[in-house]
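Working notes, beginning with the structure itself.
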Amino acid sequence: MTKGFRDESWLDRNGTPMTDAATMTERFRRVSYGKLQIEITIDDPKAYTAPWTVKLNQSIALNTDLLDTICLENEKDLPHMVGK
């Protein structure tokens, strides 16, 4: 579960609102060989009347390395990060 979002943030490029009261829960499930299902639930009582969920179906790139993605917003220790 992720908490601590900034007030007046957006969930996507379309401007779907999110407030500082939001929590985001992500669930990853390997449905079958080569298939991954990601379920994201947003609960934001300041912006929505009830929690809502989005399901994404992805293909897994087998026998490859995972690529790390780092959110740099409010990062206070950038000089110590590997691969900066």
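Chains: A, B, ... in order of the structure tokens. Residues: from 1 per chain. Ligands: from 1, in order shown.
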| request: Might you pull out every residue within 8 Å of Thr41 in chain A, with only C-alpha atoms counted and same-chain residues fewer than 3 positions away left off, and present them as a count of residues only? | output: 7
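If only C-alpha atoms are the atoms counted, then among A:Pro45, A:Thr64, A:Gly34, A:Ala50 the closest residue to Asp20 in chain A is A:Pro45.
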Could you tell me which of A:Thr49, A:Asn63, A:Gln37, A:Thr23 comes closest to Thr2 in chain A if we count only C-alpha atoms?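 Answer, going by the shortest atom-to-atom distance: A:Thr23.
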**OP:** Would you please work out which residue, of A:Ile38, A:Leu62, A:Lys3, A:Asp44, is nearest to Met18 in chain A when using only C-alpha atoms?
**Re:**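 Comparing A:Ile38, A:Leu62, A:Lys3, A:Asp44 against Met18 in chain A, the winner is A:Asp44.
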- Hey, can you check how far CA of Lys35 in chain A sits from CA of Asn57 in chain A?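 Taking CA of Lys35 in chain A as the start and CA of Asn57 in chain A as the end point, the length is 7.2 Å.
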re CA of Thr19 in chain A and CA of Phe5 in chain A: distance 6.8 Å
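In this structure, CA of Ala22 in chain A sits 29.0 Å away from CA of Ile60 in chain A.
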(message) With only C-alpha atoms as the counted atoms, please give the residues lying no more than 10 Å from Phe28 in chain A, apart from itself and same-chain residues fewer than 5 positions off, as an NGL selection string.
(response) :A and (36-40 or 55-56)
Selection above as a file: N, CA, C and O atoms, as a PDB file, in the first residue's frame:
```pdb
ATOM      1  N   LEU A  36       1.120 -11.471 -16.897  1.00  0.00           N
ATOM      2  CA  LEU A  36       1.097 -10.843 -15.589  1.00  0.00           C
ATOM      3  C   LEU A  36      -0.141  -9.973 -15.496  1.00  0.00           C
ATOM      4  O   LEU A  36      -0.470  -9.232 -16.421  1.00  0.00           O
ATOM      5  N   GLN A  37      -0.851 -10.059 -14.370  1.00  0.00           N
ATOM      6  CA  GLN A  37      -2.008  -9.208 -14.142  1.00  0.00           C
ATOM      7  C   GLN A  37      -1.676  -8.256 -12.989  1.00  0.00           C
ATOM      8  O   GLN A  37      -1.207  -8.671 -11.936  1.00  0.00           O
ATOM      9  N   ILE A  38      -1.903  -6.971 -13.229  1.00  0.00           N
ATOM     10  CA  ILE A  38      -1.667  -5.946 -12.217  1.00  0.00           C
ATOM     11  C   ILE A  38      -3.018  -5.341 -11.871  1.00  0.00           C
ATOM     12  O   ILE A  38      -3.748  -4.898 -12.749  1.00  0.00           O
ATOM     13  N   GLU A  39      -3.344  -5.342 -10.577  1.00  0.00           N
ATOM     14  CA  GLU A  39      -4.600  -4.776 -10.100  1.00  0.00           C
ATOM     15  C   GLU A  39      -4.254  -3.599  -9.197  1.00  0.00           C
ATOM     16  O   GLU A  39      -3.517  -3.742  -8.222  1.00  0.00           O
ATOM     17  N   ILE A  40      -4.763  -2.409  -9.536  1.00  0.00           N
ATOM     18  CA  ILE A  40      -4.479  -1.193  -8.778  1.00  0.00           C
ATOM     19  C   ILE A  40      -5.786  -0.656  -8.212  1.00  0.00           C
ATOM     20  O   ILE A  40      -6.733  -0.418  -8.964  1.00  0.00           O
ATOM     21  N   LYS A  55      -7.614  -3.040 -13.663  1.00  0.00           N
ATOM     22  CA  LYS A  55      -6.831  -4.251 -13.911  1.00  0.00           C
ATOM     23  C   LYS A  55      -6.099  -4.102 -15.237  1.00  0.00           C
ATOM     24  O   LYS A  55      -6.688  -3.725 -16.248  1.00  0.00           O
ATOM     25  N   LEU A  56      -4.803  -4.396 -15.214  1.00  0.00           N
ATOM     26  CA  LEU A  56      -3.975  -4.335 -16.409  1.00  0.00           C
ATOM     27  C   LEU A  56      -3.414  -5.713 -16.687  1.00  0.00           C
ATOM     28  O   LEU A  56      -2.970  -6.408 -15.767  1.00  0.00           O
TER      29      LEU A  56
END
```
Exercise for the section: Would you kindly return, as a PyMOL selection string, each protein, DNA or RNA residue with an atom no farther than 10 Å from any atom of range 11-17 of chain A, considering only C-alpha atoms and excluding same-chain residues fewer than 2 positions away? Expected result: chain A and resi 7-9+19+22+42+44+46-48
